[in-house]
file work.txt (compact mmCIF, C-alpha atoms and all ligand atoms)
# COMPACT_ATOMS: atom_id res chain seq x y z
CA MET M 76 22.33 26.39 13.76
CA GLN M 77 20.64 25.85 10.40
CA ALA M 78 18.28 28.50 9.13
CA ASN M 79 15.29 26.14 8.95
CA MET M 80 15.84 24.77 12.45
CA THR M 81 13.61 26.43 15.03
CA GLY M 82 14.67 26.99 18.63
CA GLN M 83 11.69 24.94 19.81
CA GLN M 84 12.29 21.55 18.22
CA ASN M 85 11.57 18.32 20.00
CA PRO M 86 15.04 16.71 20.16
CA LEU M 87 15.62 13.42 18.38
CA VAL M 88 16.89 11.05 21.10
CA VAL M 89 19.73 8.63 20.30
CA VAL M 90 21.50 6.05 22.43
CA GLY M 91 24.68 4.49 21.06
CA THR M 92 28.43 4.30 21.39
CA VAL M 93 30.78 7.24 21.74
CA ALA M 94 34.12 5.74 20.85
CA ILE M 95 37.80 6.04 20.27
CA ASP M 96 38.52 4.18 17.03
CA SER M 97 41.65 2.93 15.29
CA ILE M 98 41.11 2.59 11.56
CA LYS M 99 43.16 1.28 8.66
CA THR M 100 41.97 1.70 5.07
CA PRO M 101 43.83 1.24 1.77
CA PHE M 102 44.43 5.03 1.91
CA GLY M 103 45.93 5.34 5.37
CA GLU M 104 45.89 4.46 9.00
CA GLN M 105 44.87 6.54 11.98
CA GLU M 106 44.90 5.86 15.73
CA LYS M 107 42.56 7.56 18.18
CA VAL M 108 39.90 8.74 15.74
CA PHE M 109 36.74 10.12 17.33
CA GLY M 110 33.93 7.71 16.43
CA GLY M 111 31.07 5.64 17.76
CA SER M 112 27.59 4.99 16.44
CA ALA M 113 25.96 7.78 18.48
CA SER M 114 28.65 10.30 17.55
CA TYR M 115 28.22 9.85 13.79
CA PHE M 116 24.46 9.59 14.09
CA SER M 117 24.11 12.75 16.18
CA TYR M 118 26.40 14.82 14.03
CA ALA M 119 24.56 13.79 10.84
CA ALA M 120 21.06 14.19 12.32
CA SER M 121 21.91 17.63 13.69
CA PHE M 122 21.88 19.09 10.16
CA PHE M 123 18.09 18.66 10.34
CA ASN M 124 16.94 18.49 13.94
CA GLN M 125 18.16 19.00 17.48
CA VAL M 126 19.50 15.83 19.05
CA ALA M 127 19.77 14.50 22.61
CA LEU M 128 22.60 11.98 22.90
CA VAL M 129 22.43 9.23 25.55
CA GLY M 130 25.75 7.48 26.14
CA VAL M 131 28.81 6.98 28.28
CA VAL M 132 32.51 7.79 28.06
CA GLY M 133 35.47 7.17 30.36
CA GLN M 134 37.78 9.65 32.03
CA ASP M 135 40.20 9.31 29.10
CA PHE M 136 37.64 10.88 26.71
CA PRO M 137 39.38 13.90 25.16
CA GLU M 138 37.79 17.29 25.74
CA GLU M 139 38.36 18.15 22.06
CA TYR M 140 36.07 15.27 21.01
CA ARG M 141 33.30 16.61 23.23
CA ALA M 142 33.89 20.01 21.63
CA VAL M 143 33.25 18.48 18.18
CA LEU M 144 29.73 17.46 19.24
CA GLN M 145 29.23 20.84 20.88
CA GLU M 146 29.70 22.51 17.48
CA ARG M 147 26.20 21.28 16.68
CA PRO M 148 22.75 21.46 18.35
CA ILE M 149 23.40 18.24 20.27
CA ASP M 150 22.37 18.08 23.92
CA LEU M 151 25.07 16.21 25.85
CA SER M 152 23.45 16.31 29.29
CA ASN M 153 22.81 12.54 29.06
CA LEU M 154 26.38 11.72 27.99
CA LYS M 155 27.85 10.43 31.24
CA THR M 156 31.52 10.38 32.17
CA VAL M 157 32.43 7.54 34.52
CA ALA M 158 35.62 6.01 35.92
CA GLY M 159 37.38 3.80 33.37
CA LYS M 160 38.19 3.88 29.68
CA THR M 161 35.99 4.90 26.77
CA PHE M 162 34.60 2.20 24.41
CA ALA M 163 37.29 1.48 21.82
CA TRP M 164 37.05 -0.23 18.43
CA LYS M 165 39.84 -1.17 16.04
CA GLY M 166 39.05 -2.18 12.48
CA PHE M 167 40.33 -2.25 8.95
CA TYR M 168 39.09 -2.30 5.38
CA GLU M 169 40.71 -4.08 2.47
CA ASN M 170 39.86 -3.42 -1.15
CA ASP M 171 36.18 -4.13 -0.44
CA MET M 172 35.36 -0.94 1.40
CA ASN M 173 31.82 -2.20 2.07
CA SER M 174 32.74 -4.39 4.99
CA ALA M 175 34.76 -3.45 8.04
CA LYS M 176 36.81 -6.21 9.66
CA THR M 177 36.92 -5.87 13.42
CA LEU M 178 40.31 -6.45 15.07
CA GLU M 179 39.46 -5.37 18.62
CA THR M 180 36.34 -4.36 20.56
CA HIS M 181 36.94 -3.06 24.09
CA LEU M 182 33.60 -2.43 25.77
CA ASN M 183 35.31 -0.72 28.75
CA VAL M 184 32.81 1.67 30.42
CA LEU M 185 30.01 0.31 28.21
CA ALA M 186 30.11 -3.03 30.07
CA SER M 187 28.56 -1.53 33.23
CA PHE M 188 26.63 1.37 31.67
CA ASP M 189 23.12 2.00 32.93
CA PRO M 190 21.46 4.47 30.54
CA GLU M 191 19.32 6.41 32.98
CA MET M 192 17.94 9.34 31.00
CA GLU M 193 16.70 12.71 32.08
CA LEU M 194 14.97 14.19 29.05
CA LYS M 195 13.82 17.80 28.96
CA GLN M 196 10.84 16.89 26.74
CA ASP M 197 8.96 13.68 26.04
CA PRO M 198 10.51 12.55 22.73
CA GLU M 199 8.73 11.98 19.40
CA PHE M 200 11.54 10.30 17.47
CA VAL M 201 14.04 7.90 19.05
CA PHE M 202 16.94 5.95 17.54
CA LEU M 203 18.67 3.03 19.25
CA ALA M 204 22.00 3.16 17.44
CA ASN M 205 24.43 0.25 17.40
CA ILE M 206 25.09 -0.70 21.04
CA ASP M 207 24.38 -3.67 23.33
CA PRO M 208 20.69 -4.60 22.76
CA VAL M 209 20.29 -4.90 26.55
CA LEU M 210 20.99 -1.16 26.74
CA GLN M 211 18.62 -0.51 23.82
CA LEU M 212 15.92 -2.32 25.85
CA LYS M 213 16.68 -0.24 28.94
CA VAL M 214 16.16 2.93 26.92
CA LEU M 215 12.89 1.60 25.46
CA ASP M 216 11.69 0.80 28.99
CA GLN M 217 12.20 4.40 30.07
CA LEU M 218 10.60 6.11 27.09
CA PRO M 219 7.54 8.21 27.90
CA LYS M 220 4.86 7.22 25.38
CA THR M 221 2.85 10.46 25.42
CA LYS M 222 4.36 11.98 22.24
CA LEU M 223 6.24 9.03 20.80
CA ARG M 224 5.79 8.76 16.99
CA PHE M 225 8.62 6.61 15.66
CA THR M 226 11.35 4.43 17.16
CA ALA M 227 14.04 2.67 15.14
CA CYS M 228 17.22 0.75 15.81
CA ASP M 229 20.48 -0.46 14.30
CA THR M 230 22.82 -3.31 15.26
CA MET M 231 25.99 -5.11 14.20
CA ASN M 232 27.34 -8.64 13.63
CA TYR M 233 28.98 -8.44 17.09
CA TRP M 234 25.57 -8.22 18.83
CA ILE M 235 23.78 -10.62 16.45
CA SER M 236 26.36 -13.25 17.42
CA SER M 237 26.46 -12.56 21.15
CA LYS M 238 22.96 -11.25 22.07
CA LYS M 239 20.48 -12.38 19.43
CA GLU M 240 17.64 -13.06 21.90
CA ASP M 241 17.91 -9.55 23.37
CA LEU M 242 18.07 -8.08 19.88
CA LEU M 243 14.86 -9.92 18.91
CA ARG M 244 13.22 -8.40 22.03
CA VAL M 245 14.24 -4.94 20.79
CA LEU M 246 12.90 -5.66 17.30
CA ALA M 247 9.53 -6.67 18.72
CA ARG M 248 9.22 -3.16 20.16
CA VAL M 249 10.47 -0.75 17.46
CA ASP M 250 8.86 0.69 14.32
CA GLY M 251 11.98 0.67 12.15
CA PHE M 252 15.21 -1.28 11.69
CA VAL M 253 18.23 0.02 9.76
CA LEU M 254 20.82 -2.67 9.06
CA ASN M 255 23.25 -3.70 6.38
CA ASP M 256 22.97 -6.59 3.93
CA ALA M 257 25.44 -8.88 5.73
CA GLU M 258 23.61 -8.30 9.03
CA ALA M 259 20.23 -9.07 7.43
CA ARG M 260 21.60 -12.37 6.09
CA GLN M 261 23.29 -13.25 9.40
CA LEU M 262 20.19 -12.48 11.46
CA THR M 263 17.71 -14.38 9.29
CA GLY M 264 19.88 -17.07 7.68
CA GLU M 265 18.21 -16.01 4.41
CA PRO M 266 20.57 -15.05 1.56
CA ASN M 267 17.90 -13.25 -0.51
CA LEU M 268 17.47 -9.71 0.84
CA VAL M 269 13.82 -9.32 -0.20
CA ARG M 270 12.94 -12.47 1.69
CA ALA M 271 15.21 -11.48 4.60
CA ALA M 272 13.34 -8.18 4.89
CA GLN M 273 10.02 -10.04 5.03
CA ILE M 274 11.35 -12.26 7.80
CA ILE M 275 12.59 -9.22 9.72
CA ARG M 276 9.22 -7.51 9.39
CA GLY M 277 7.81 -10.62 11.02
CA TYR M 278 10.04 -9.91 14.04
CA GLY M 279 8.23 -6.60 14.60
CA PRO M 280 9.47 -3.50 12.73
CA GLY M 281 7.14 -2.40 9.93
CA HIS M 282 9.93 -0.33 8.32
CA VAL M 283 13.03 -2.29 7.29
CA ILE M 284 15.88 -0.42 5.64
CA ILE M 285 18.73 -2.54 4.30
CA LYS M 286 21.98 -0.72 3.43
CA LYS M 287 24.20 -2.22 0.77
CA GLY M 288 27.24 0.04 0.99
CA GLU M 289 28.29 1.30 -2.43
CA HIS M 290 25.24 -0.48 -3.93
CA GLY M 291 22.69 1.71 -2.20
CA VAL M 292 19.73 0.95 0.00
CA LEU M 293 16.45 -0.99 -0.02
CA VAL M 294 13.45 0.42 1.85
CA PHE M 295 10.56 -1.88 2.82
CA ALA M 296 7.62 -0.14 4.51
CA GLN M 297 3.83 0.03 4.48
CA ASN M 298 3.72 -2.95 2.10
CA ARG M 299 5.71 -0.98 -0.43
CA PHE M 300 9.27 -1.15 -1.66
CA PHE M 301 11.79 1.44 -2.76
CA ALA M 302 15.42 1.18 -3.94
CA LEU M 303 18.05 3.92 -4.10
CA PRO M 304 21.58 3.70 -5.48
CA ALA M 305 24.49 5.10 -3.50
CA TYR M 306 25.85 8.49 -4.54
CA PRO M 307 28.70 7.55 -6.91
CA LEU M 308 31.97 8.78 -5.40
CA GLU M 309 35.39 8.53 -6.95
CA THR M 310 37.16 8.41 -3.60
CA VAL M 311 35.92 6.60 -0.53
CA PHE M 312 38.58 7.43 2.02
CA ASP M 313 37.17 5.91 5.22
CA PRO M 314 33.78 4.15 5.24
CA THR M 315 33.58 4.10 9.05
CA GLY M 316 30.41 5.76 10.20
CA ALA M 317 28.67 5.62 6.81
CA GLY M 318 25.83 3.52 8.24
CA ASP M 319 25.42 5.69 11.32
CA SER M 320 25.52 8.88 9.24
CA PHE M 321 22.92 7.41 6.87
CA ALA M 322 20.66 6.62 9.83
CA GLY M 323 21.29 10.09 11.30
CA GLY M 324 20.32 11.83 8.07
CA LEU M 325 17.23 9.65 7.66
CA MET M 326 15.98 10.02 11.23
CA GLY M 327 16.96 13.70 11.41
CA TYR M 328 14.87 14.44 8.33
CA LEU M 329 11.91 12.42 9.68
CA ALA M 330 12.12 14.27 13.02
CA LEU M 331 12.26 17.63 11.23
CA THR M 332 9.30 16.92 8.97
CA LYS M 333 7.35 14.74 11.48
CA ASP M 334 6.11 12.66 8.57
CA THR M 335 6.77 8.91 8.38
CA GLY M 336 4.64 8.35 5.25
CA PHE M 337 6.22 6.35 2.43
CA ASP M 338 7.01 9.32 0.15
CA ASN M 339 8.72 11.23 2.92
CA LEU M 340 10.62 8.10 3.93
CA LYS M 341 12.05 8.00 0.40
CA LYS M 342 13.30 11.56 0.72
CA ALA M 343 14.70 10.83 4.19
CA ALA M 344 16.59 7.84 2.75
CA ALA M 345 17.94 10.09 0.00
CA TYR M 346 19.22 12.61 2.56
CA GLY M 347 20.73 9.70 4.53
CA THR M 348 22.51 8.56 1.37
CA ILE M 349 23.85 12.05 0.71
CA ILE M 350 25.16 12.67 4.20
CA ALA M 351 26.81 9.22 4.24
CA SER M 352 28.50 10.12 0.94
CA PHE M 353 30.12 13.13 2.60
CA ALA M 354 31.05 11.18 5.76
CA VAL M 355 33.23 8.70 3.86
CA GLU M 356 35.29 11.34 2.04
CA GLU M 357 37.64 11.87 5.01
CA PHE M 358 38.64 10.09 8.22
CA GLY M 359 36.20 10.14 11.13
CA LEU M 360 33.88 13.13 11.35
CA GLU M 361 36.28 15.49 9.57
CA LYS M 362 34.28 15.92 6.36
CA LEU M 363 30.94 16.40 8.11
CA ARG M 364 32.55 19.20 10.12
CA LYS M 365 33.27 21.09 6.89
CA ILE M 366 29.82 21.02 5.31
CA SER M 367 26.47 22.70 5.81
CA ARG M 368 22.86 21.96 4.92
CA ARG M 369 23.46 23.82 1.62
CA HIS M 370 26.07 21.24 0.55
CA LEU M 371 23.58 18.45 1.34
CA ASP M 372 20.86 20.08 -0.74
CA GLU M 373 23.16 20.70 -3.70
CA ARG M 374 24.35 17.09 -3.78
CA LEU M 375 20.77 15.86 -3.27
CA GLU M 376 19.77 17.69 -6.45
CA VAL M 377 22.58 16.01 -8.44
CA PHE M 378 21.53 12.68 -6.90
CA ARG M 379 17.95 13.27 -8.01
CA GLN M 380 19.09 13.93 -11.58
CA ILE M 381 21.25 10.82 -11.80
CA SER M 382 18.72 8.43 -10.26
CA ALA M 383 15.39 9.55 -11.81
CA PHE M 384 14.17 8.45 -15.23
P1 LIG B 401 29.40 2.09 10.84
O1 LIG B 401 28.46 3.19 10.55
O2 LIG B 401 28.74 0.76 10.81
O3 LIG B 401 30.66 2.16 10.03
O4 LIG B 401 29.84 2.28 12.39
C1 LIG B 401 31.14 2.60 12.79
C2 LIG B 401 31.21 2.89 14.29
O5 LIG B 401 30.67 1.79 15.03
C3 LIG B 401 32.64 3.05 14.77
O6 LIG B 401 32.90 4.42 15.03
C4 LIG B 401 32.75 2.19 16.03
O7 LIG B 401 33.23 2.87 17.15
C5 LIG B 401 31.34 1.71 16.28
N1 LIG B 401 31.30 0.31 16.71
C6 LIG B 401 32.14 -0.68 16.35
N2 LIG B 401 31.80 -1.86 16.95
C7 LIG B 401 30.70 -1.59 17.71
C8 LIG B 401 29.87 -2.37 18.56
N3 LIG B 401 30.08 -3.66 18.75
N4 LIG B 401 28.83 -1.75 19.17
C9 LIG B 401 28.59 -0.44 18.97
N5 LIG B 401 29.34 0.37 18.20
C10 LIG B 401 30.39 -0.20 17.55
call {"tool": "encode", "arguments": {"input": "work.txt", "output": "structure tokens", "more": "lines below"}}
Ligand code: AMP
result
Amino acid sequence: MQANMTGQQNPLVVVGTVAIDSIKTPFGEQEKVFGGSASYFSYAASFFNQVALVGVVGQDFPEEYRAVLQERPIDLSNLKTVAGKTFAWKGFYENDMNSAKTLETHLNVLASFDPEMELKQDPEFVFLANIDPVLQLKVLDQLPKTKLRFTACDTMNYWISSKKEDLLRVLARVDGFVLNDAEARQLTGEPNLVRAAQIIRGYGPGHVIIKKGEHGVLVFAQNRFFALPAYPLETVFDPTGAGDSFAGGLMGYLALTKDTGFDNLKKAAAYGTIIASFAVEEFGLEKLRKISRRHLDERLEVFRQISAF
């Protein structure tokens, strides 16, 4: 556990996919990679704050994948194992490493998942990672409101195409929305991202964070605007999980500091950028497993120097 992480934290709650991925990039191809939106998110957020993961896997879920999450302060008591196969995604990247092309999505156990949660504490920070918006709604319905400070969500083209109405219901009920540029354009039909963000704020979330892959991130919140570049890397090995790791770093830092003011949001977005930059340097979660909070802080300092003037 990190030195600045107390034993008494209020865990950041995340619901999302825990997956078995197959990934092809210009640098290589790997079957059965441990992935999923909640897996990347939890691992990244756990550098800052304790996490409680809500999700489902099938009986085929390898014990060694569970062990990866257990390396970190991630509570898995709401990760259910049910009969059937784990959610599986197959995708590839061509020379444009910013956009994944989906080849196969097998919902498997996700299709009949009912996310009934038993939380040890009423949560303050909650993230609805990329998953069926109907499940995101079920989690929102169950959330005790006593301590709740900030809820945010993510999504993907798959759900915008198939469940837009449910997604709009989610957006009406969350404080923040983290999505990428293509998703913002698809959801709103608006090619200009500044205008798309305004439209999205009209759907409900006051904080809209649009990721642009290697071109950085735009933060719209509290009637203010902030732009960050990406951390310039020479080698992007596997971009899978970059968005989830970004969201994990951002939300983990907010949960740690309990401050959702604009200046702190900027710093949280910077930490999200840094942790995503590590995530893409190797396949799956491998790089994140090799680093510590010290590596994040060192790269954050370099990032500060190259982006301030
Ligand atoms: P990203 O951060 O956007 O690269 O997310 C990559 C992860 O999203 C992969 O590990 C996949 O397992 C997961 N994923 C792919 N398709 C979906 C989907 N339709 N719903 C939820 N998670 C997905």
call {"tool": "closest_atom_pairs", "arguments": {"input": "work.txt", "of": "chain M", "to": "ligand LIG 401 (chain B)", "cutoff": "8 Å", "atoms": "all atoms listed in the file", "output": "CSV"}}
result
residue,atom,partner,partner_atom,distance
M:Gly91,CA,B:LIG401,C9,6.6
M:Thr92,CA,B:LIG401,N5,5.1
M:Val93,CA,B:LIG401,O7,6.8
M:Ala94,CA,B:LIG401,O7,4.8
M:Ile95,CA,B:LIG401,O7,6.4
M:Asp96,CA,B:LIG401,O7,5.5
M:Phe109,CA,B:LIG401,O6,7.2
M:Gly110,CA,B:LIG401,O6,3.7
M:Gly111,CA,B:LIG401,O6,3.5
M:Ser112,CA,B:LIG401,O5,4.7
M:Ser114,CA,B:LIG401,O6,7.7
M:Tyr115,CA,B:LIG401,O6,7.3
M:Phe162,CA,B:LIG401,O7,7.4
M:Ala163,CA,B:LIG401,O7,6.3
M:Trp164,CA,B:LIG401,O7,5.1
M:Lys165,CA,B:LIG401,C6,7.7
M:Ala175,CA,B:LIG401,O3,7.2
M:Thr177,CA,B:LIG401,N2,7.4
M:Thr180,CA,B:LIG401,N2,6.3
M:Leu182,CA,B:LIG401,N3,7.9
M:Ala204,CA,B:LIG401,C9,7.7
M:Asn205,CA,B:LIG401,C9,4.5
M:Ile206,CA,B:LIG401,C9,4.1
M:Asp207,CA,B:LIG401,N4,6.4
M:Thr230,CA,B:LIG401,N4,7.3
M:Met231,CA,B:LIG401,N3,6.3
M:Asn232,CA,B:LIG401,N3,7.6
M:Tyr233,CA,B:LIG401,N3,5.2
M:Trp234,CA,B:LIG401,N3,6.4
M:Pro314,CA,B:LIG401,O3,6.1
M:Thr315,CA,B:LIG401,O3,3.6
M:Gly316,CA,B:LIG401,O1,3.2
M:Ala317,CA,B:LIG401,O1,4.5
M:Gly318,CA,B:LIG401,O1,3.5
M:Asp319,CA,B:LIG401,O1,4.0
M:Ser320,CA,B:LIG401,O1,6.5
M:Phe321,CA,B:LIG401,O1,7.9
M:Gly359,CA,B:LIG401,O6,7.7
call {"tool": "write_last_selection", "arguments": {"input": "work.txt", "atoms": "C-alpha atoms", "output": "PDB file, in the coordinates of the input"}}
result
ATOM      1  CA  GLY M  91      24.680   4.490  21.060  1.00  0.00           C
ATOM      2  CA  THR M  92      28.430   4.300  21.390  1.00  0.00           C
ATOM      3  CA  VAL M  93      30.780   7.240  21.740  1.00  0.00           C
ATOM      4  CA  ALA M  94      34.120   5.740  20.850  1.00  0.00           C
ATOM      5  CA  ILE M  95      37.800   6.040  20.270  1.00  0.00           C
ATOM      6  CA  ASP M  96      38.520   4.180  17.030  1.00  0.00           C
ATOM      7  CA  PHE M 109      36.740  10.120  17.330  1.00  0.00           C
ATOM      8  CA  GLY M 110      33.930   7.710  16.430  1.00  0.00           C
ATOM      9  CA  GLY M 111      31.070   5.640  17.760  1.00  0.00           C
ATOM     10  CA  SER M 112      27.590   4.990  16.440  1.00  0.00           C
ATOM     11  CA  SER M 114      28.650  10.300  17.550  1.00  0.00           C
ATOM     12  CA  TYR M 115      28.220   9.850  13.790  1.00  0.00           C
ATOM     13  CA  PHE M 162      34.600   2.200  24.410  1.00  0.00           C
ATOM     14  CA  ALA M 163      37.290   1.480  21.820  1.00  0.00           C
ATOM     15  CA  TRP M 164      37.050  -0.230  18.430  1.00  0.00           C
ATOM     16  CA  LYS M 165      39.840  -1.170  16.040  1.00  0.00           C
ATOM     17  CA  ALA M 175      34.760  -3.450   8.040  1.00  0.00           C
ATOM     18  CA  THR M 177      36.920  -5.870  13.420  1.00  0.00           C
ATOM     19  CA  THR M 180      36.340  -4.360  20.560  1.00  0.00           C
ATOM     20  CA  LEU M 182      33.600  -2.430  25.770  1.00  0.00           C
ATOM     21  CA  ALA M 204      22.000   3.160  17.440  1.00  0.00           C
ATOM     22  CA  ASN M 205      24.430   0.250  17.400  1.00  0.00           C
ATOM     23  CA  ILE M 206      25.090  -0.700  21.040  1.00  0.00           C
ATOM     24  CA  ASP M 207      24.380  -3.670  23.330  1.00  0.00           C
ATOM     25  CA  THR M 230      22.820  -3.310  15.260  1.00  0.00           C
ATOM     26  CA  MET M 231      25.990  -5.110  14.200  1.00  0.00           C
ATOM     27  CA  ASN M 232      27.340  -8.640  13.630  1.00  0.00           C
ATOM     28  CA  TYR M 233      28.980  -8.440  17.090  1.00  0.00           C
ATOM     29  CA  TRP M 234      25.570  -8.220  18.830  1.00  0.00           C
ATOM     30  CA  PRO M 314      33.780   4.150   5.240  1.00  0.00           C
ATOM     31  CA  THR M 315      33.580   4.100   9.050  1.00  0.00           C
ATOM     32  CA  GLY M 316      30.410   5.760  10.200  1.00  0.00           C
ATOM     33  CA  ALA M 317      28.670   5.620   6.810  1.00  0.00           C
ATOM     34  CA  GLY M 318      25.830   3.520   8.240  1.00  0.00           C
ATOM     35  CA  ASP M 319      25.420   5.690  11.320  1.00  0.00           C
ATOM     36  CA  SER M 320      25.520   8.880   9.240  1.00  0.00           C
ATOM     37  CA  PHE M 321      22.920   7.410   6.870  1.00  0.00           C
ATOM     38  CA  GLY M 359      36.200  10.140  11.130  1.00  0.00           C
TER      39      GLY M 359
END
call {"tool": "residues_around", "arguments": {"input": "work.txt", "residues": "M:Lys286", "least_positions_apart": "6", "cutoff": "10 Å", "atoms": "all atoms listed in the file", "output": "VMD selection string"}}
result
chain M and resid 253 to 259 292 to 294 303 to 305 317 to 318 321 to 322 348
call {"tool": "atom_distance", "arguments": {"input": "work.txt", "atom1": "atom CA of M:Gln84", "atom2": "atom CA of M:Leu194"}}
result
13.4 Å
call {"tool": "residues_around", "arguments": {"input": "work.txt", "residues": "M:Lys99", "least_positions_apart": "4", "cutoff": "9 Å", "atoms": "all atoms listed in the file", "output": "PDB file with C-alpha atoms, keeping the file's coordinate frame"}}
result
ATOM      1  CA  GLY M 103      45.930   5.340   5.370  1.00  0.00           C
ATOM      2  CA  GLU M 104      45.890   4.460   9.000  1.00  0.00           C
ATOM      3  CA  GLN M 105      44.870   6.540  11.980  1.00  0.00           C
ATOM      4  CA  GLU M 106      44.900   5.860  15.730  1.00  0.00           C
ATOM      5  CA  LYS M 165      39.840  -1.170  16.040  1.00  0.00           C
ATOM      6  CA  GLY M 166      39.050  -2.180  12.480  1.00  0.00           C
ATOM      7  CA  PHE M 167      40.330  -2.250   8.950  1.00  0.00           C
ATOM      8  CA  TYR M 168      39.090  -2.300   5.380  1.00  0.00           C
ATOM      9  CA  GLU M 169      40.710  -4.080   2.470  1.00  0.00           C
ATOM     10  CA  ASP M 313      37.170   5.910   5.220  1.00  0.00           C
TER      11      ASP M 313
END
call {"tool": "residues_around", "arguments": {"input": "work.txt", "residues": "M:Gly347", "least_positions_apart": "2", "cutoff": "7 Å", "atoms": "all atoms listed in the file", "output": "PDB file with C-alpha atoms, in the coordinates of the input"}}
result
ATOM      1  CA  SER M 320      25.520   8.880   9.240  1.00  0.00           C
ATOM      2  CA  PHE M 321      22.920   7.410   6.870  1.00  0.00           C
ATOM      3  CA  ALA M 322      20.660   6.620   9.830  1.00  0.00           C
ATOM      4  CA  GLY M 323      21.290  10.090  11.300  1.00  0.00           C
ATOM      5  CA  GLY M 324      20.320  11.830   8.070  1.00  0.00           C
ATOM      6  CA  LEU M 325      17.230   9.650   7.660  1.00  0.00           C
ATOM      7  CA  ALA M 343      14.700  10.830   4.190  1.00  0.00           C
ATOM      8  CA  ALA M 344      16.590   7.840   2.750  1.00  0.00           C
ATOM      9  CA  ALA M 345      17.940  10.090   0.000  1.00  0.00           C
ATOM     10  CA  ILE M 349      23.850  12.050   0.710  1.00  0.00           C
ATOM     11  CA  ILE M 350      25.160  12.670   4.200  1.00  0.00           C
ATOM     12  CA  ALA M 351      26.810   9.220   4.240  1.00  0.00           C
TER      13      ALA M 351
END
call {"tool": "residues_around", "arguments": {"input": "work.txt", "residues": "M:Lys222", "least_positions_apart": "4", "cutoff": "9 Å", "atoms": "all atoms listed in the file", "output": "JSON list (two decimals) with C-alpha atoms, keeping the file's coordinate frame"}}
result
[["chain", "number", "residue", "atom", "x", "y", "z"],
["M", 197, "ASP", "CA", 8.96, 13.68, 26.04],
["M", 198, "PRO", "CA", 10.51, 12.55, 22.73],
["M", 199, "GLU", "CA", 8.73, 11.98, 19.40],
["M", 200, "PHE", "CA", 11.54, 10.30, 17.47]]
call {"tool": "residues_around", "arguments": {"input": "work.txt", "residues": "stretch 268-278 of chain M", "least_positions_apart": "2", "cutoff": "7 Å", "atoms": "all atoms listed in the file", "output": "list in words"}}
result
Leu243, Leu246, Ala247, Ala259, Arg260, Thr263, Glu265, Pro266, Pro280, Gly281 and Val283 of chain M
call {"tool": "write_last_selection", "arguments": {"input": "work.txt", "atoms": "C-alpha atoms", "output": "mmCIF file, in the frame of the given file"}}
result
data_model
loop_
_atom_site.group_PDB
_atom_site.id
_atom_site.type_symbol
_atom_site.label_atom_id
_atom_site.label_comp_id
_atom_site.auth_asym_id
_atom_site.auth_seq_id
_atom_site.Cartn_x
_atom_site.Cartn_y
_atom_site.Cartn_z
ATOM 1 C CA LEU M 243 14.860 -9.920 18.910
ATOM 2 C CA LEU M 246 12.900 -5.660 17.300
ATOM 3 C CA ALA M 247 9.530 -6.670 18.720
ATOM 4 C CA ALA M 259 20.230 -9.070 7.430
ATOM 5 C CA ARG M 260 21.600 -12.370 6.090
ATOM 6 C CA THR M 263 17.710 -14.380 9.290
ATOM 7 C CA GLU M 265 18.210 -16.010 4.410
ATOM 8 C CA PRO M 266 20.570 -15.050 1.560
ATOM 9 C CA PRO M 280 9.470 -3.500 12.730
ATOM 10 C CA GLY M 281 7.140 -2.400 9.930
ATOM 11 C CA VAL M 283 13.030 -2.290 7.290
#
call {"tool": "closest_residue", "arguments": {"input": "work.txt", "among": "M:Glu289, M:Gly327, M:Gln196, M:Ser236", "to": "M:Thr221", "atoms": "only C-alpha atoms"}}
result
M:Gln196
call {"tool": "atom_distance", "arguments": {"input": "work.txt", "atom1": "atom CA of M:His282", "atom2": "atom CA of M:Ser382"}}
result
22.3 Å
call {"tool": "closest_residue", "arguments": {"input": "work.txt", "among": "M:Phe378, M:Asn267, M:Lys362, M:Lys176", "to": "M:Pro307", "atoms": "all atoms listed in the file"}}
result
M:Phe378
call {"tool": "residues_near_point", "arguments": {"input": "work.txt", "point": "(21.3, 17.5, 9.2)", "cutoff": "7 Å", "atoms": "all atoms listed in the file", "output": "VMD selection string"}}
result
chain M and resid 119 to 124 324 327 368
call {"tool": "closest_residue", "arguments": {"input": "work.txt", "among": "M:Ser152, M:Phe116, M:Pro137, M:Pro208", "to": "M:Ala354", "atoms": "only C-alpha atoms"}}
result
M:Phe116
call {"tool": "atom_distance", "arguments": {"input": "work.txt", "atom1": "atom CA of M:Glu139", "atom2": "atom CA of M:Pro101"}}
result
27.0 Å
